[in-house]
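Text of entry.tsv, listed as TSV, C-alpha atoms:
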```
chain	number	residue	atom	x	y	z
A	244	MET	CA	40.73	-0.13	-8.05
A	245	GLN	CA	38.66	-1.95	-10.66
A	246	ALA	CA	35.15	-3.40	-10.61
A	247	VAL	CA	32.72	-5.51	-12.60
A	248	VAL	CA	29.07	-4.45	-12.42
A	249	LEU	CA	26.54	-7.08	-13.44
A	250	VAL	CA	23.69	-5.46	-15.39
A	251	GLY	CA	22.68	-8.23	-17.78
A	252	GLY	CA	19.36	-9.32	-16.27
A	253	GLU	CA	16.01	-8.70	-17.92
A	254	GLY	CA	14.27	-7.36	-14.78
A	255	THR	CA	11.17	-9.46	-15.39
A	256	ARG	CA	9.63	-8.67	-12.01
A	257	LEU	CA	9.48	-4.98	-12.96
A	258	ARG	CA	7.78	-5.45	-16.30
A	259	PRO	CA	6.35	-3.64	-18.19
A	260	LEU	CA	8.79	-0.88	-17.15
A	261	THR	CA	11.74	-3.05	-18.13
A	262	THR	CA	10.25	-3.98	-21.49
A	263	THR	CA	11.63	-0.69	-22.76
A	264	THR	CA	14.22	0.34	-20.14
A	265	PRO	CA	16.79	-1.97	-18.50
A	266	LYS	CA	16.19	-2.12	-14.76
A	267	GLN	CA	19.52	-0.49	-13.88
A	268	LEU	CA	18.66	2.56	-15.98
A	269	LEU	CA	15.37	3.17	-14.19
A	270	PRO	CA	15.62	6.25	-11.98
A	271	ILE	CA	15.76	6.21	-8.20
A	272	VAL	CA	14.59	9.72	-7.26
A	273	GLU	CA	15.54	11.11	-10.68
A	274	VAL	CA	19.01	9.46	-10.81
A	275	PRO	CA	19.51	6.25	-12.81
A	276	MET	CA	19.95	3.28	-10.48
A	277	LEU	CA	23.25	2.41	-12.16
A	278	GLU	CA	24.68	5.86	-11.45
A	279	ARG	CA	23.87	5.47	-7.77
A	280	VAL	CA	25.76	2.13	-7.78
A	281	LEU	CA	28.70	3.66	-9.63
A	282	ALA	CA	28.84	6.66	-7.30
A	283	THR	CA	29.13	4.32	-4.30
A	284	LEU	CA	32.00	2.47	-5.99
A	285	ALA	CA	33.73	5.75	-6.84
A	286	SER	CA	33.48	6.89	-3.21
A	287	HIS	CA	35.54	3.84	-2.25
A	288	GLY	CA	38.32	4.38	-4.75
A	289	VAL	CA	37.06	2.48	-7.79
A	290	VAL	CA	38.16	4.29	-10.94
A	291	GLU	CA	37.47	1.70	-13.68
A	292	VAL	CA	34.28	-0.31	-14.17
A	293	VAL	CA	33.29	-2.81	-16.82
A	294	LEU	CA	29.57	-3.30	-17.30
A	295	SER	CA	28.63	-6.92	-17.92
A	296	LEU	CA	25.82	-6.53	-20.45
A	297	GLY	CA	23.26	-8.95	-21.78
A	298	TYR	CA	19.76	-7.47	-22.03
A	299	ARG	CA	19.43	-4.28	-24.13
A	300	PRO	CA	23.13	-3.36	-24.25
A	301	ASP	CA	22.26	-0.61	-26.73
A	302	ALA	CA	20.47	1.29	-23.99
A	303	PHE	CA	23.61	1.47	-21.84
A	304	LEU	CA	25.81	2.49	-24.77
A	305	ALA	CA	23.34	5.23	-25.65
A	306	ALA	CA	23.11	6.44	-22.05
A	307	TYR	CA	26.89	6.70	-21.59
A	308	PRO	CA	28.43	7.14	-25.05
A	309	ASP	CA	31.55	8.82	-23.66
A	310	GLY	CA	32.48	5.80	-21.54
A	311	ALA	CA	32.16	7.58	-18.20
A	312	ALA	CA	29.54	8.07	-15.49
A	313	ALA	CA	29.38	9.06	-11.81
A	314	GLY	CA	33.14	9.57	-11.57
A	315	VAL	CA	34.34	6.27	-13.08
A	316	ARG	CA	35.58	5.15	-16.49
A	317	LEU	CA	33.34	2.60	-18.19
A	318	ALA	CA	34.04	-0.33	-20.46
A	319	TYR	CA	31.31	-2.50	-21.99
A	320	ALA	CA	31.36	-6.30	-22.23
A	321	VAL	CA	28.43	-7.60	-24.27
A	322	GLU	CA	27.71	-11.33	-24.01
A	323	ALA	CA	26.85	-13.02	-27.29
A	324	GLU	CA	24.84	-15.53	-25.25
A	325	PRO	CA	23.97	-15.74	-21.55
A	326	LEU	CA	26.92	-16.96	-19.46
A	327	ASP	CA	25.28	-16.84	-16.01
A	328	THR	CA	26.88	-14.95	-13.13
A	329	ALA	CA	30.38	-16.46	-12.91
A	330	GLY	CA	30.71	-16.72	-16.68
A	331	ALA	CA	29.66	-13.09	-17.02
A	332	ILE	CA	32.17	-11.94	-14.39
A	333	ARG	CA	35.09	-13.68	-16.10
A	334	PHE	CA	34.01	-12.57	-19.58
A	335	ALA	CA	33.72	-8.94	-18.47
A	336	ALA	CA	37.00	-8.87	-16.53
A	337	ASP	CA	38.89	-10.53	-19.40
A	338	HIS	CA	37.30	-8.15	-21.91
A	339	ALA	CA	38.47	-5.13	-19.89
A	340	GLY	CA	41.93	-6.59	-19.22
A	341	PHE	CA	41.50	-6.35	-15.46
A	342	SER	CA	44.10	-7.95	-13.20
A	343	GLY	CA	44.74	-8.06	-9.46
A	344	THR	CA	42.11	-7.69	-6.77
A	345	LEU	CA	38.67	-7.07	-8.26
A	346	ILE	CA	35.36	-5.78	-6.87
A	347	VAL	CA	32.17	-7.36	-8.24
A	348	VAL	CA	28.71	-5.91	-7.58
A	349	ASN	CA	25.16	-6.55	-8.72
A	350	GLY	CA	23.88	-3.49	-10.52
A	351	ASP	CA	20.40	-3.69	-9.00
A	352	VAL	CA	21.53	-3.58	-5.36
A	353	LEU	CA	21.65	-0.26	-3.52
A	354	THR	CA	23.88	-0.25	-0.46
A	355	ASP	CA	25.95	1.94	1.86
A	356	LEU	CA	28.39	-0.92	2.40
A	357	ASP	CA	31.91	0.07	3.45
A	358	ILE	CA	33.69	-1.56	0.53
A	359	GLY	CA	37.09	-0.51	1.90
A	360	ALA	CA	36.44	-2.45	5.10
A	361	LEU	CA	35.41	-5.48	3.05
A	362	VAL	CA	38.63	-5.32	1.02
A	363	ASP	CA	40.73	-4.96	4.19
A	364	PHE	CA	39.02	-8.02	5.70
A	365	HIS	CA	39.63	-9.93	2.47
A	366	HIS	CA	43.36	-9.23	2.59
A	367	ARG	CA	43.67	-9.96	6.34
A	368	THR	CA	42.14	-13.40	5.97
A	369	GLY	CA	44.15	-14.32	2.91
A	370	ALA	CA	40.95	-15.27	1.09
A	371	VAL	CA	40.82	-15.75	-2.67
A	372	ALA	CA	37.20	-14.56	-2.61
A	373	THR	CA	35.12	-12.69	-0.04
A	374	ILE	CA	31.36	-12.14	0.05
A	375	ALA	CA	29.54	-9.26	1.72
A	376	LEU	CA	26.66	-10.53	3.86
A	377	THR	CA	23.56	-8.85	5.21
A	378	PRO	CA	20.83	-10.18	7.55
A	379	VAL	CA	17.26	-10.43	6.26
A	380	GLU	CA	13.96	-11.55	7.74
A	381	ASP	CA	13.22	-14.05	4.96
A	382	PRO	CA	16.39	-15.66	3.55
A	383	SER	CA	14.51	-18.06	1.27
A	384	ARG	CA	14.85	-15.76	-1.78
A	385	PHE	CA	18.63	-15.50	-1.50
A	386	GLY	CA	21.88	-17.39	-1.15
A	387	VAL	CA	22.35	-18.17	2.56
A	388	VAL	CA	25.92	-18.15	3.87
A	389	PRO	CA	26.84	-19.72	7.27
A	390	THR	CA	30.38	-18.94	8.49
A	391	ASP	CA	32.71	-19.89	11.33
A	392	ALA	CA	34.10	-17.47	13.93
A	393	GLU	CA	36.87	-16.31	11.58
A	394	GLY	CA	34.48	-15.61	8.72
A	395	ARG	CA	35.35	-18.71	6.71
A	396	VAL	CA	32.31	-19.82	4.68
A	397	LEU	CA	31.08	-23.24	5.75
A	398	ALA	CA	28.51	-23.70	2.99
A	399	PHE	CA	26.70	-21.79	0.31
A	400	VAL	CA	23.01	-22.65	0.31
A	401	GLU	CA	21.09	-21.10	-2.58
A	402	LYS	CA	17.46	-20.11	-1.79
A	403	PRO	CA	16.65	-22.65	0.95
A	404	PRO	CA	13.13	-23.09	2.36
A	405	ILE	CA	12.76	-20.59	5.19
A	406	ASP	CA	12.45	-23.31	7.85
A	407	GLU	CA	15.65	-24.99	6.61
A	408	ALA	CA	17.90	-21.94	6.33
A	409	PRO	CA	21.00	-22.37	8.55
A	410	THR	CA	21.25	-18.59	9.09
A	411	ASN	CA	19.55	-15.38	8.03
A	412	GLU	CA	22.85	-13.97	6.70
A	413	ILE	CA	22.57	-13.78	2.93
A	414	ASN	CA	24.78	-13.03	-0.03
A	415	ALA	CA	24.52	-9.24	-0.42
A	416	GLY	CA	25.79	-9.14	-3.99
A	417	THR	CA	29.19	-7.50	-3.41
A	418	TYR	CA	32.34	-9.61	-3.77
A	419	VAL	CA	36.11	-9.25	-3.67
A	420	PHE	CA	37.99	-11.60	-6.01
A	421	GLU	CA	41.61	-12.37	-6.58
A	422	HIS	CA	42.45	-13.07	-10.21
A	423	GLU	CA	42.92	-16.74	-9.33
A	424	VAL	CA	39.14	-17.02	-8.97
A	425	LEU	CA	38.62	-15.80	-12.53
A	426	ASP	CA	41.18	-18.25	-13.87
A	427	ARG	CA	39.23	-21.20	-12.49
A	428	ILE	CA	35.89	-20.18	-14.05
A	429	PRO	CA	35.42	-22.26	-17.24
A	430	THR	CA	34.91	-20.36	-20.47
A	431	GLY	CA	32.48	-21.07	-23.27
A	432	ARG	CA	29.56	-22.19	-21.11
A	433	ARG	CA	27.15	-20.96	-18.45
A	434	VAL	CA	28.69	-20.94	-14.95
A	435	SER	CA	26.86	-19.80	-11.80
A	436	VAL	CA	28.97	-18.13	-9.15
A	437	GLU	CA	26.35	-18.99	-6.52
A	438	ARG	CA	25.86	-22.66	-7.44
A	439	GLU	CA	29.28	-23.64	-8.76
A	440	THR	CA	32.15	-21.25	-8.01
A	441	PHE	CA	31.32	-20.35	-4.41
A	442	PRO	CA	30.49	-23.90	-3.24
A	443	ALA	CA	33.79	-25.16	-4.70
A	444	LEU	CA	35.77	-22.43	-2.95
A	445	ALA	CA	33.91	-23.04	0.32
A	446	ALA	CA	34.74	-26.75	0.16
A	447	GLU	CA	38.42	-25.79	-0.08
A	448	GLY	CA	38.18	-23.38	2.88
A	449	ARG	CA	39.21	-20.44	0.69
A	450	LEU	CA	35.97	-18.48	0.67
A	451	PHE	CA	35.34	-15.91	3.41
A	452	ALA	CA	32.45	-13.58	4.21
A	453	ARG	CA	31.89	-10.46	6.27
A	454	SER	CA	28.51	-9.34	7.59
A	455	SER	CA	27.39	-5.72	7.70
A	456	ARG	CA	24.32	-3.89	8.99
A	457	ASP	CA	24.85	-1.10	6.47
A	458	TYR	CA	21.91	-0.08	4.32
A	459	TRP	CA	21.09	-2.70	1.68
A	460	LEU	CA	18.21	-3.11	-0.76
A	461	ASP	CA	17.63	-5.43	-3.71
A	462	THR	CA	15.49	-3.30	-6.04
A	463	GLY	CA	14.11	-6.08	-8.23
A	464	THR	CA	10.40	-5.89	-7.35
A	465	PRO	CA	7.79	-3.11	-7.48
A	466	ALA	CA	7.70	-3.08	-3.67
A	467	SER	CA	11.46	-2.68	-3.30
A	468	TYR	CA	11.65	-0.18	-6.17
A	469	LEU	CA	9.16	1.99	-4.33
A	470	GLN	CA	11.06	1.41	-1.08
A	471	ALA	CA	14.28	2.72	-2.61
A	472	HIS	CA	12.56	6.06	-3.24
A	473	ARG	CA	11.02	6.16	0.23
A	474	ASP	CA	14.38	5.53	1.86
A	475	LEU	CA	15.95	8.53	0.15
A	476	LEU	CA	12.98	10.82	0.71
A	477	SER	CA	12.59	9.87	4.37
A	478	GLY	CA	16.27	10.34	5.21
A	479	ARG	CA	16.88	6.66	5.93
A	480	ARG	CA	19.80	7.13	3.55
A	481	ALA	CA	21.82	10.21	4.42
A	482	GLY	CA	22.21	13.24	2.18
A	483	LEU	CA	20.06	14.93	-0.46
A	484	PRO	CA	17.50	12.68	-2.11
A	485	ALA	CA	18.92	13.79	-5.48
A	486	PRO	CA	21.77	16.10	-6.57
A	487	GLY	CA	20.58	19.70	-6.66
A	488	ALA	CA	17.39	19.02	-4.73
A	489	VAL	CA	16.06	22.02	-2.78
A	490	GLU	CA	13.95	21.59	0.34
A	491	VAL	CA	11.12	24.08	-0.07
A	492	ALA	CA	9.13	22.89	2.96
A	493	PRO	CA	9.90	20.27	5.63
A	494	GLY	CA	10.47	17.04	3.72
A	495	VAL	CA	9.31	18.54	0.40
A	496	TRP	CA	11.96	18.75	-2.32
A	497	THR	CA	12.07	20.24	-5.80
A	498	LEU	CA	14.46	20.13	-8.72
A	499	GLY	CA	14.98	22.86	-11.30
A	500	THR	CA	11.83	24.52	-12.55
A	501	ALA	CA	9.31	22.45	-10.59
A	502	ARG	CA	6.01	24.20	-9.94
A	503	ILE	CA	3.80	23.47	-6.96
A	504	ASP	CA	0.35	25.06	-6.81
A	505	GLY	CA	-1.34	22.15	-5.06
A	506	ASP	CA	-0.76	20.40	-1.73
A	507	VAL	CA	2.59	18.57	-1.61
A	508	ARG	CA	3.44	16.98	1.71
A	509	ALA	CA	6.47	15.43	3.40
A	510	ARG	CA	8.71	12.81	1.84
A	511	SER	CA	8.00	14.02	-1.69
A	512	LEU	CA	10.05	15.39	-4.58
A	513	VAL	CA	8.80	17.24	-7.64
A	514	GLY	CA	11.20	17.07	-10.58
A	515	SER	CA	12.34	19.75	-12.97
A	516	GLY	CA	9.58	21.00	-15.24
A	517	ALA	CA	6.97	19.01	-13.33
A	518	SER	CA	3.87	20.59	-11.84
A	519	VAL	CA	1.20	19.90	-9.26
A	520	ALA	CA	-1.90	21.89	-10.13
A	521	ALA	CA	-4.12	23.66	-7.64
A	522	GLY	CA	-6.29	21.04	-6.00
A	523	GLY	CA	-3.75	18.29	-6.65
A	524	PHE	CA	-2.42	16.32	-3.68
A	525	VAL	CA	0.99	14.57	-3.43
A	526	GLU	CA	2.39	12.78	-0.39
A	527	GLY	CA	5.39	10.46	0.00
A	528	SER	CA	5.94	10.37	-3.76
A	529	VAL	CA	8.23	11.34	-6.61
A	530	VAL	CA	6.75	13.38	-9.45
A	531	GLY	CA	9.31	12.99	-12.23
A	532	ALA	CA	10.64	15.61	-14.62
A	533	GLY	CA	7.92	17.17	-16.73
A	534	ALA	CA	5.14	15.16	-15.09
A	535	VAL	CA	1.79	16.79	-14.38
A	536	VAL	CA	-0.62	16.13	-11.51
A	537	GLU	CA	-3.90	17.82	-12.39
A	538	GLY	CA	-6.45	19.36	-10.04
A	539	GLY	CA	-8.28	16.94	-7.81
A	540	ALA	CA	-5.74	14.17	-8.48
A	541	ARG	CA	-4.13	12.30	-5.57
A	542	VAL	CA	-0.67	10.69	-5.61
A	543	GLN	CA	0.47	8.85	-2.48
A	544	GLY	CA	3.43	6.55	-1.87
A	545	SER	CA	4.07	6.35	-5.60
A	546	VAL	CA	6.60	7.10	-8.33
A	547	LEU	CA	5.63	8.98	-11.49
A	548	LEU	CA	8.45	8.77	-14.01
A	549	ALA	CA	9.25	11.63	-16.39
A	550	GLY	CA	6.44	12.97	-18.55
A	551	VAL	CA	3.54	11.26	-16.76
A	552	ARG	CA	0.15	12.96	-16.68
A	553	VAL	CA	-2.34	12.17	-13.91
A	554	GLY	CA	-5.78	13.42	-14.88
A	555	VAL	CA	-8.38	15.32	-12.93
A	556	GLY	CA	-9.70	13.38	-9.96
A	557	ALA	CA	-7.44	10.35	-10.58
A	558	SER	CA	-5.81	8.44	-7.72
A	559	VAL	CA	-2.35	6.81	-7.78
A	560	VAL	CA	-1.50	5.01	-4.53
A	561	ASP	CA	1.49	2.76	-3.86
A	562	SER	CA	2.16	2.35	-7.59
A	563	VAL	CA	4.69	3.12	-10.35
A	564	VAL	CA	3.76	4.89	-13.59
A	565	GLY	CA	6.23	4.65	-16.49
A	566	PHE	CA	7.75	7.31	-18.72
A	567	GLY	CA	5.21	9.36	-20.64
A	568	ALA	CA	2.20	7.34	-19.46
A	569	THR	CA	-1.23	8.83	-18.83
A	570	VAL	CA	-3.63	8.09	-16.00
A	571	GLY	CA	-7.03	9.20	-17.21
A	572	PRO	CA	-9.46	11.36	-15.23
A	573	GLY	CA	-11.01	9.53	-12.32
A	574	ALA	CA	-8.85	6.41	-12.78
A	575	GLU	CA	-7.56	4.58	-9.69
A	576	LEU	CA	-4.24	2.76	-9.27
A	577	SER	CA	-3.26	0.92	-6.09
A	578	GLY	CA	-1.58	-2.16	-4.64
A	579	LYS	CA	1.84	-1.78	-6.30
A	580	SER	CA	0.42	-1.54	-9.78
A	581	VAL	CA	2.97	-0.90	-12.53
A	582	VAL	CA	2.05	1.05	-15.67
A	583	GLY	CA	4.38	0.78	-18.66
A	584	ASP	CA	5.99	3.57	-20.63
A	585	GLY	CA	3.54	5.49	-22.80
A	586	ALA	CA	0.54	3.47	-21.64
A	587	GLU	CA	-2.85	5.13	-21.26
A	588	VAL	CA	-5.01	4.08	-18.32
A	589	PRO	CA	-8.52	4.99	-19.46
A	590	ALA	CA	-10.72	7.44	-17.62
A	591	GLY	CA	-12.38	5.74	-14.69
A	592	GLY	CA	-10.15	2.63	-15.00
A	593	ARG	CA	-9.34	0.56	-11.90
A	594	LEU	CA	-5.99	-1.19	-11.39
A	595	ALA	CA	-5.13	-2.96	-8.13
A	596	GLY	CA	-1.87	-4.89	-7.97
A	597	CYS	CA	-1.79	-5.06	-11.78
A	598	ARG	CA	0.71	-4.66	-14.58
A	599	PHE	CA	-0.65	-2.49	-17.38
A	600	PRO	CA	-0.49	-3.43	-20.14
A	601	ASP	CA	-0.36	-7.04	-18.98
A	602	VAL	CA	2.91	-8.67	-20.04
A	603	GLY	CA	2.18	-12.15	-18.69
A	604	PRO	CA	4.19	-14.08	-16.09
```

Translate this file's structure into C-alpha cells.
Amino acid sequence: MQAVVLVGGEGTRLRPLTTTTPKQLLPIVEVPMLERVLATLASHGVVEVVLSLGYRPDAFLAAYPDGAAAGVRLAYAVEAEPLDTAGAIRFAADHAGFSGTLIVVNGDVLTDLDIGALVDFHHRTGAVATIALTPVEDPSRFGVVPTDAEGRVLAFVEKPPIDEAPTNEINAGTYVFEHEVLDRIPTGRRVSVERETFPALAAEGRLFARSSRDYWLDTGTPASYLQAHRDLLSGRRAGLPAPGAVEVAPGVWTLGTARIDGDVRARSLVGSGASVAAGGFVEGSVVGAGAVVEGGARVQGSVLLAGVRVGVGASVVDSVVGFGATVGPGAELSGKSVVGDGAEVPAGGRLAGCRFPDVGP
C-alpha cells in the first residue's frame, strides 16, 4: 500500500520552535512526530510513502538521507511553489508514480485510527474518496462533515461558526483516494482539497466518510503539542512512551544513560544523557536528551528538548523549551510559553504565555 504524507506547512502556531525545525520533525517524547505518523502507516501495511514538502525540505532530506524511516520507503516531492492541499497531493503522487488506491494523511496529526477498517469501508461503499471523521467539542477550527446513514457525505463545511456547525464530526486528516480523484485535480495552480475537491465530490454523491472514536490529536498548537506528550506518558496511548524506555519507578521513565539525583515524579521521562540534579523537581514532563535540570529548579507539565539547561531555582511550568536553550537561574516560564532553539532566558526573567524570542503574529 502507498501513502502521501503532507508535511509542507510552516507550523506558524509553534514558532519560534518551527523557525529552525519543521513541525513534523519536532520530537514527541524523543521520537520525531513524522516517525510516529510513519510507524502508524507501516502497522497498517503501508510500505511506500512520498513526503509532500514545501517548508524547509532540506531538513527532511538531511534527517532521512537513505530514503527510509519507521519501516517505510520514502520519496520526496518538493513543491517549487505552494500548491495547497489537493495540488500537493496530486503533485506528490505523480512525482512518486503512485497508482491505485492511495492513503493520504496530514503529517501533524497523531492517531490510532484503524486505517485498514477505513480502507475496507471505502471499498464496500464504492466511493472514489473516503474521509476519516472524528468528533470534537469545538468544530469551528476544522472542516465539518455531515453524512447520511450510509456514510455518504452531504456537505463539506470548512471552519463554520460553532453555532452554525451541522455536526461535531470533523475531517480527521486521513483519506482514501482512488486514482480518479487525482486525475481530476487541476495542475499548475493552487487547489484546496477541503474547499474545492471534496465539495465537488460530495455534490456528485461520490464522497463517503467514516467516523471513529480512536485516539486523534492535531498537534499544531503549544497546548496540543504538550498534550501529545502527556497522552503517551499517562498511558492514554498504549505501549511504551518511547522505544527503549525503562520504567524506573511508577510512571517514571528513562532512556539510555539518564541520571536522576533529584525528585522525578509520575508521568515523566528523562532522556539519554540528561540529568536531574539533587534538589531538582520534575513532574509530568519530558527532559530531553542531554538536558540538565539543576538543583532547586522545578519542571512541571513541560517539554525540555535536547540540550536544554534549566538553572538553579528556575521554574518551567506548562511550557516548551527548544533545543539547546537556557533558562537562567530563578527565571519563571508558565502559561504555554515557547522558547526557541538556543535562546537564553535571562536570570530572573518572567514569561507567561509568551514566545521567546518574539516572532510576531

- Message: as a PyMOL selection string, please: the residues near segment 307-316 of chain A (cut-off 9 Å, only C-alpha atoms, same-chain neighbours under 5 positions excluded).
- Response: chain A and resi 278-286+289-293+302

Counting all atoms listed in the file, which residues in segment 244-324 of chain A sit no more than 10 Å from segment 409-431 of chain A? For each one, give the nearest pair of atoms and the distance in Å, sorted by chain then residue number, as JSON lines.
```
{"residue": "A:Ala246", "atom": "CA", "partner": "A:Val419", "partner_atom": "CA", "distance": 9.1}
{"residue": "A:Val247", "atom": "CA", "partner": "A:Tyr418", "partner_atom": "CA", "distance": 9.7}
{"residue": "A:Val248", "atom": "CA", "partner": "A:Thr417", "partner_atom": "CA", "distance": 9.5}
{"residue": "A:Leu249", "atom": "CA", "partner": "A:Gly416", "partner_atom": "CA", "distance": 9.7}
{"residue": "A:Glu324", "atom": "CA", "partner": "A:Gly431", "partner_atom": "CA", "distance": 9.6}
```

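With only C-alpha atoms taken into account, the protein and nucleic acid residues at most 10 Å from Val274 of chain A (excluding it and anything under 4 positions from it in its own chain) are Leu268, Leu269, Pro270, Glu278, Arg279, Pro484, Ala485 and Pro486 of chain A.
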
Just-selected residues, C-alpha atoms written as a tab-separated table (two decimals), in the coordinates of the input:
```tsv
chain	number	residue	atom	x	y	z
A	268	LEU	CA	18.66	2.56	-15.98
A	269	LEU	CA	15.37	3.17	-14.19
A	270	PRO	CA	15.62	6.25	-11.98
A	278	GLU	CA	24.68	5.86	-11.45
A	279	ARG	CA	23.87	5.47	-7.77
A	484	PRO	CA	17.50	12.68	-2.11
A	485	ALA	CA	18.92	13.79	-5.48
A	486	PRO	CA	21.77	16.10	-6.57
```

- Item | Interatomic distance, atom CA of Arg333 of chain A to atom CA of Thr263 of chain A (Å, one decimal) |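 Going from atom CA of Arg333 of chain A over to atom CA of Thr263 of chain A, I get 27.6 Å.
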
- Could you state the separation of atom CA of Ile358 of chain A and atom CA of Leu345 of chain A in Å, given to one decimal place? 11.5 Å

Which neighbours of Val536 of chain A fall inside 7 Å, counting all atoms listed in the file, when residues of the same chain fewer than 6 positions from it are skipped, and could you give them as a short mmCIF file (atom, residue, chain, number, x, y, z; two decimals) with C-alpha atoms, keeping the file's coordinate frame?
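Saved result, out.cif, follows:
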```cif
data_model
loop_
_atom_site.label_atom_id
_atom_site.label_comp_id
_atom_site.auth_asym_id
_atom_site.auth_seq_id
_atom_site.Cartn_x
_atom_site.Cartn_y
_atom_site.Cartn_z
CA SER A 518 3.87 20.59 -11.84
CA VAL A 519 1.20 19.90 -9.26
CA ALA A 520 -1.90 21.89 -10.13
CA GLY A 523 -3.75 18.29 -6.65
CA ARG A 552 0.15 12.96 -16.68
CA VAL A 553 -2.34 12.17 -13.91
CA GLY A 554 -5.78 13.42 -14.88
#
```
